[in-house]
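Structure data follow from target.pdb (PDB, C-alpha atoms, pLDDT in the B column):
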```pdb
MODEL        1
ATOM      1  CA  MET A   1      -5.310  -3.126  -0.078  1.00 65.00           C
ATOM      2  CA  ASP A   2      -5.558  -4.528  -3.571  1.00 74.00           C
ATOM      3  CA  PRO A   3      -5.945  -8.353  -3.591  1.00 74.00           C
ATOM      4  CA  TYR A   4      -3.426  -8.571  -6.443  1.00 74.00           C
ATOM      5  CA  LYS A   5      -0.774  -6.783  -4.356  1.00 75.00           C
ATOM      6  CA  ILE A   6      -1.446  -9.076  -1.416  1.00 73.00           C
ATOM      7  CA  SER A   7      -1.035 -12.086  -3.691  1.00 74.00           C
ATOM      8  CA  VAL A   8       2.260 -10.747  -5.040  1.00 77.00           C
ATOM      9  CA  ILE A   9       3.549 -10.074  -1.517  1.00 78.00           C
ATOM     10  CA  LYS A  10       2.620 -13.602  -0.429  1.00 75.00           C
ATOM     11  CA  ASP A  11       4.372 -15.005  -3.494  1.00 76.00           C
ATOM     12  CA  TRP A  12       7.548 -13.101  -2.584  1.00 80.00           C
ATOM     13  CA  VAL A  13       7.350 -14.265   1.022  1.00 75.00           C
ATOM     14  CA  ASN A  14       6.900 -17.864  -0.140  1.00 73.00           C
ATOM     15  CA  LEU A  15       9.881 -17.501  -2.474  1.00 78.00           C
ATOM     16  CA  ALA A  16      12.057 -16.017   0.283  1.00 78.00           C
ATOM     17  CA  THR A  17      10.992 -18.755   2.691  1.00 74.00           C
ATOM     18  CA  GLY A  18      11.794 -21.404   0.085  1.00 75.00           C
ATOM     19  CA  PHE A  19      15.256 -19.958  -0.508  1.00 82.00           C
ATOM     20  CA  GLY A  20      15.827 -19.726   3.237  1.00 77.00           C
ATOM     21  CA  PHE A  21      14.832 -23.358   3.686  1.00 77.00           C
ATOM     22  CA  LEU A  22      17.110 -24.396   0.811  1.00 82.00           C
ATOM     23  CA  GLY A  23      19.997 -22.433   2.366  1.00 83.00           C
ATOM     24  CA  TRP A  24      19.359 -24.091   5.712  1.00 77.00           C
ATOM     25  CA  ILE A  25      19.445 -27.548   4.108  1.00 83.00           C
ATOM     26  CA  ILE A  26      22.742 -26.679   2.386  1.00 89.00           C
ATOM     27  CA  TYR A  27      24.156 -25.408   5.686  1.00 85.00           C
ATOM     28  CA  LEU A  28      23.147 -28.605   7.505  1.00 81.00           C
ATOM     29  CA  THR A  29      24.589 -30.774   4.728  1.00 88.00           C
ATOM     30  CA  ALA A  30      27.901 -28.873   4.802  1.00 89.00           C
ATOM     31  CA  GLY A  31      28.062 -29.277   8.595  1.00 84.00           C
ATOM     32  CA  LEU A  32      27.402 -32.993   8.289  1.00 86.00           C
ATOM     33  CA  ILE A  33      30.151 -33.393   5.695  1.00 91.00           C
ATOM     34  CA  LYS A  34      32.572 -31.409   7.876  1.00 86.00           C
ATOM     35  CA  ARG A  35      31.809 -33.559  10.943  1.00 81.00           C
ATOM     36  CA  ARG A  36      32.274 -36.757   8.935  1.00 86.00           C
ATOM     37  CA  GLN A  37      35.633 -35.553   7.614  1.00 86.00           C
ATOM     38  CA  GLN A  38      36.787 -34.596  11.120  1.00 80.00           C
ATOM     39  CA  SER A  39      35.664 -37.952  12.456  1.00 79.00           C
ATOM     40  CA  ALA A  40      37.499 -39.805   9.680  1.00 83.00           C
ATOM     41  CA  MET A  41      40.647 -37.744  10.292  1.00 80.00           C
ATOM     42  CA  GLN A  42      40.521 -38.434  14.033  1.00 75.00           C
ATOM     43  CA  LYS A  43      39.995 -42.139  13.395  1.00 79.00           C
ATOM     44  CA  HIS A  44      42.978 -42.309  11.041  1.00 79.00           C
ATOM     45  CA  LEU A  45      45.092 -40.393  13.554  1.00 75.00           C
ATOM     46  CA  LEU A  46      44.191 -42.803  16.353  1.00 74.00           C
ATOM     47  CA  ASP A  47      44.812 -45.816  14.090  1.00 77.00           C
ATOM     48  CA  ARG A  48      48.412 -44.672  13.581  1.00 77.00           C
ATOM     49  CA  PHE A  49      49.282 -45.348  17.221  1.00 75.00           C
ATOM     50  CA  SER A  50      50.438 -48.926  17.695  1.00 74.00           C
ATOM     51  CA  SER A  51      50.279 -48.888  21.475  1.00 76.00           C
ATOM     52  CA  ALA A  52      48.899 -46.967  24.408  1.00 77.00           C
ATOM     53  CA  GLN A  53      52.425 -45.750  25.168  1.00 80.00           C
ATOM     54  CA  ASP A  54      52.670 -44.074  21.727  1.00 78.00           C
ATOM     55  CA  PHE A  55      49.319 -42.410  22.293  1.00 77.00           C
ATOM     56  CA  ALA A  56      50.359 -41.210  25.781  1.00 80.00           C
ATOM     57  CA  GLN A  57      53.526 -39.670  24.312  1.00 82.00           C
ATOM     58  CA  PHE A  58      51.453 -37.911  21.666  1.00 79.00           C
ATOM     59  CA  ILE A  59      49.054 -36.520  24.278  1.00 79.00           C
ATOM     60  CA  GLN A  60      51.981 -35.153  26.288  1.00 83.00           C
ATOM     61  CA  SER A  61      53.419 -33.336  23.265  1.00 84.00           C
ATOM     62  CA  PRO A  62      52.328 -29.746  22.492  1.00 84.00           C
ATOM     63  CA  ALA A  63      50.498 -30.909  19.354  1.00 78.00           C
ATOM     64  CA  GLY A  64      48.665 -33.600  21.330  1.00 78.00           C
ATOM     65  CA  GLN A  65      47.652 -31.144  24.026  1.00 78.00           C
ATOM     66  CA  LYS A  66      46.329 -28.781  21.383  1.00 78.00           C
ATOM     67  CA  TYR A  67      44.402 -31.690  19.830  1.00 74.00           C
ATOM     68  CA  VAL A  68      42.786 -32.653  23.146  1.00 71.00           C
ATOM     69  CA  THR A  69      42.076 -29.017  24.071  1.00 72.00           C
ATOM     70  CA  GLY A  70      40.221 -28.540  20.787  1.00 65.00           C
ATOM     71  CA  PHE A  71      38.125 -31.578  21.656  1.00 64.00           C
ATOM     72  CA  THR A  72      37.189 -30.430  25.135  1.00 56.00           C
ATOM     73  CA  ASP A  73      36.428 -26.793  24.213  1.00 51.00           C
ATOM     74  CA  VAL A  74      33.766 -27.834  21.741  1.00 55.00           C
ATOM     75  CA  VAL A  75      32.181 -30.298  24.150  1.00 55.00           C
ATOM     76  CA  THR A  76      32.318 -28.440  27.462  1.00 60.00           C
ATOM     77  CA  SER A  77      32.184 -24.736  26.662  1.00 69.00           C
ATOM     78  CA  PRO A  78      28.891 -23.200  27.803  1.00 77.00           C
ATOM     79  CA  ARG A  79      29.467 -20.357  25.337  1.00 79.00           C
ATOM     80  CA  ASN A  80      29.307 -22.741  22.372  1.00 77.00           C
ATOM     81  CA  SER A  81      26.121 -24.429  23.528  1.00 80.00           C
ATOM     82  CA  ILE A  82      24.419 -21.095  24.258  1.00 85.00           C
ATOM     83  CA  LEU A  83      25.385 -19.688  20.864  1.00 85.00           C
ATOM     84  CA  SER A  84      24.186 -22.861  19.183  1.00 84.00           C
ATOM     85  CA  SER A  85      20.812 -22.545  20.927  1.00 87.00           C
ATOM     86  CA  VAL A  86      20.515 -18.888  19.920  1.00 90.00           C
ATOM     87  CA  ARG A  87      21.379 -19.720  16.310  1.00 89.00           C
ATOM     88  CA  THR A  88      18.878 -22.579  16.174  1.00 88.00           C
ATOM     89  CA  GLY A  89      16.180 -20.491  17.855  1.00 90.00           C
ATOM     90  CA  CYS A  90      16.603 -17.595  15.424  1.00 90.00           C
ATOM     91  CA  VAL A  91      16.479 -19.861  12.382  1.00 86.00           C
ATOM     92  CA  LEU A  92      13.374 -21.669  13.605  1.00 86.00           C
ATOM     93  CA  ALA A  93      11.558 -18.503  14.702  1.00 89.00           C
ATOM     94  CA  PHE A  94      12.216 -16.601  11.483  1.00 87.00           C
ATOM     95  CA  GLY A  95      11.458 -19.661   9.367  1.00 84.00           C
ATOM     96  CA  GLY A  96       8.207 -20.103  11.260  1.00 85.00           C
ATOM     97  CA  VAL A  97       7.242 -16.469  10.745  1.00 86.00           C
ATOM     98  CA  GLY A  98       7.994 -16.881   7.034  1.00 80.00           C
ATOM     99  CA  CYS A  99       5.750 -19.932   6.817  1.00 80.00           C
ATOM    100  CA  ILE A 100       2.960 -18.171   8.709  1.00 81.00           C
ATOM    101  CA  ALA A 101       3.203 -15.074   6.531  1.00 79.00           C
ATOM    102  CA  GLY A 102       3.351 -17.073   3.314  1.00 75.00           C
ATOM    103  CA  SER A 103       0.471 -19.395   4.062  1.00 75.00           C
ATOM    104  CA  ASN A 104      -3.218 -18.727   3.770  1.00 69.00           C
ATOM    105  CA  ALA A 105      -4.926 -19.859   6.964  1.00 62.00           C
ATOM    106  CA  GLU A 106      -8.369 -18.992   5.605  1.00 66.00           C
ATOM    107  CA  VAL A 107      -8.216 -21.662   2.932  1.00 63.00           C
ATOM    108  CA  GLY A 108      -8.759 -25.289   3.913  1.00 58.00           C
ATOM    109  CA  PHE A 109      -5.059 -26.083   3.313  1.00 58.00           C
ATOM    110  CA  ARG A 110      -3.434 -25.006   6.591  1.00 72.00           C
ATOM    111  CA  VAL A 111      -0.277 -27.132   6.615  1.00 75.00           C
ATOM    112  CA  GLY A 112       2.103 -24.199   6.067  1.00 77.00           C
ATOM    113  CA  TRP A 113       0.355 -22.205   8.760  1.00 80.00           C
ATOM    114  CA  LEU A 114       0.592 -25.068  11.274  1.00 81.00           C
ATOM    115  CA  ILE A 115       4.233 -25.818  10.447  1.00 82.00           C
ATOM    116  CA  GLY A 116       4.981 -22.120  10.795  1.00 83.00           C
ATOM    117  CA  TRP A 117       3.496 -21.909  14.269  1.00 87.00           C
ATOM    118  CA  VAL A 118       5.254 -25.080  15.426  1.00 88.00           C
ATOM    119  CA  ALA A 119       8.606 -23.808  14.102  1.00 87.00           C
ATOM    120  CA  PHE A 120       8.040 -20.350  15.602  1.00 90.00           C
ATOM    121  CA  THR A 121       7.203 -21.671  19.069  1.00 91.00           C
ATOM    122  CA  ALA A 122      10.124 -24.122  18.946  1.00 90.00           C
ATOM    123  CA  GLY A 123      12.425 -21.234  18.018  1.00 90.00           C
ATOM    124  CA  ILE A 124      11.127 -19.148  20.919  1.00 94.00           C
ATOM    125  CA  GLY A 125      11.722 -22.157  23.176  1.00 91.00           C
ATOM    126  CA  PHE A 126      15.360 -22.387  22.033  1.00 90.00           C
ATOM    127  CA  LEU A 127      15.843 -18.664  22.651  1.00 93.00           C
ATOM    128  CA  VAL A 128      14.337 -18.893  26.151  1.00 94.00           C
ATOM    129  CA  SER A 129      16.524 -21.923  26.857  1.00 91.00           C
ATOM    130  CA  ALA A 130      19.621 -20.015  25.732  1.00 90.00           C
ATOM    131  CA  ALA A 131      18.723 -17.060  27.954  1.00 92.00           C
ATOM    132  CA  ILE A 132      18.218 -19.312  30.980  1.00 91.00           C
ATOM    133  CA  SER A 133      21.516 -21.107  30.264  1.00 88.00           C
ATOM    134  CA  TYR A 134      23.332 -17.782  29.987  1.00 89.00           C
ATOM    135  CA  PHE A 135      22.020 -16.511  33.322  1.00 89.00           C
ATOM    136  CA  LEU A 136      22.716 -19.847  35.041  1.00 87.00           C
ATOM    137  CA  ALA A 137      26.270 -19.888  33.678  1.00 84.00           C
ATOM    138  CA  LYS A 138      26.831 -16.380  35.036  1.00 85.00           C
ATOM    139  CA  LYS A 139      25.304 -17.349  38.381  1.00 84.00           C
ATOM    140  CA  LEU A 140      27.504 -20.471  38.666  1.00 81.00           C
ATOM    141  CA  GLY A 141      30.649 -18.478  37.974  1.00 77.00           C
ATOM    142  CA  LEU A 142      31.292 -19.639  34.417  1.00 70.00           C
ATOM    143  CA  LYS A 143      31.228 -16.076  33.124  1.00 56.00           C
ATOM    144  CA  GLU A 144      34.842 -16.160  31.895  1.00 56.00           C
ATOM    145  CA  GLU A 145      33.765 -18.798  29.378  1.00 55.00           C
ATOM    146  CA  VAL A 146      30.403 -17.239  28.487  1.00 51.00           C
TER     147      VAL A 146
ENDMDL
END
```
Before anything else, please render the file you have as structure tokens.
Amino acid sequence: MDPYKISVIKDWVNLATGFGFLGWIIYLTAGLIKRRQQSAMQKHLLDRFSSAQDFAQFIQSPAGQKYVTGFTDVVTSPRNSILSSVRTGCVLAFGGVGCIAGSNAEVGFRVGWLIGWVAFTAGIGFLVSAAISYFLAKKLGLKEEV
């Protein structure tokens, strides 16, 4: 193949990897902002209760039960943790492949190639972990939640 075409392909792969990395950073930043806003809202909600009795009455109300249920589903649902592992594994694996494809391992500068392999293997590890968690959840009888 023509060396010029190979160079152009590598440039496009580097550009796509860069945009993917930028999108990932934006996604992480948006998630951080969302978590901070939820935390601030929950703190302000809890500050409104003047006593434990007021809080107990709120928890017994339908709105309070919905509030607590939303808390526990996110924390204890095996489905959410498995999906999170799959999502993280896919992002890391594909980002690693992009770094490997966009780098030139033959030149003395191998940082992109090394980062790519580390990200790829970490992504595969997340995917294997998610698969094991899925099968264990089914085996333990948590399949209605998975």
Margin query: Take the PyMOL selection byres ((chain A and resi 119) around 10), run it mentally on this structure, and tell me the resulting residues as a VMD selection string.
Written below: chain A and resid 89 91 to 100 113 to 118 120 to 125
Notebook entry, point to check: Between atom CA of A:Tyr67 and atom CA of A:Lys34, what is the distance, to one decimal in Å?
Noted result: 16.8 Å
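Interatomic distance, atom CA of A:Tyr134 to atom CA of A:Pro78: 8.1 Å.
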Margin query: Quick check, in Å to one decimal: how far apart do atom CA of A:Asp11 and atom CA of A:Ser103 lie?
Written below: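 Between atom CA of A:Asp11 and atom CA of A:Ser103 the gap is 9.6 Å.
Across A:Ser7, A:Gln57, A:Ser81, A:Thr88, the tightest approach to A:Ser133 is made by A:Ser81 when counting all atoms listed in the file.
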To test the calculation: enclose all listed atoms of stretch 133-143 of chain A in a box whose edges run along x, y and z, add 4 Å on each side, then state centre and edge lengths in Å to one decimal, as lines of an AutoDock Vina configuration file.
```
center_x = 26.4
center_y = -18.6
center_z = 34.3
size_x = 17.8
size_y = 13.0
size_z = 16.7
```
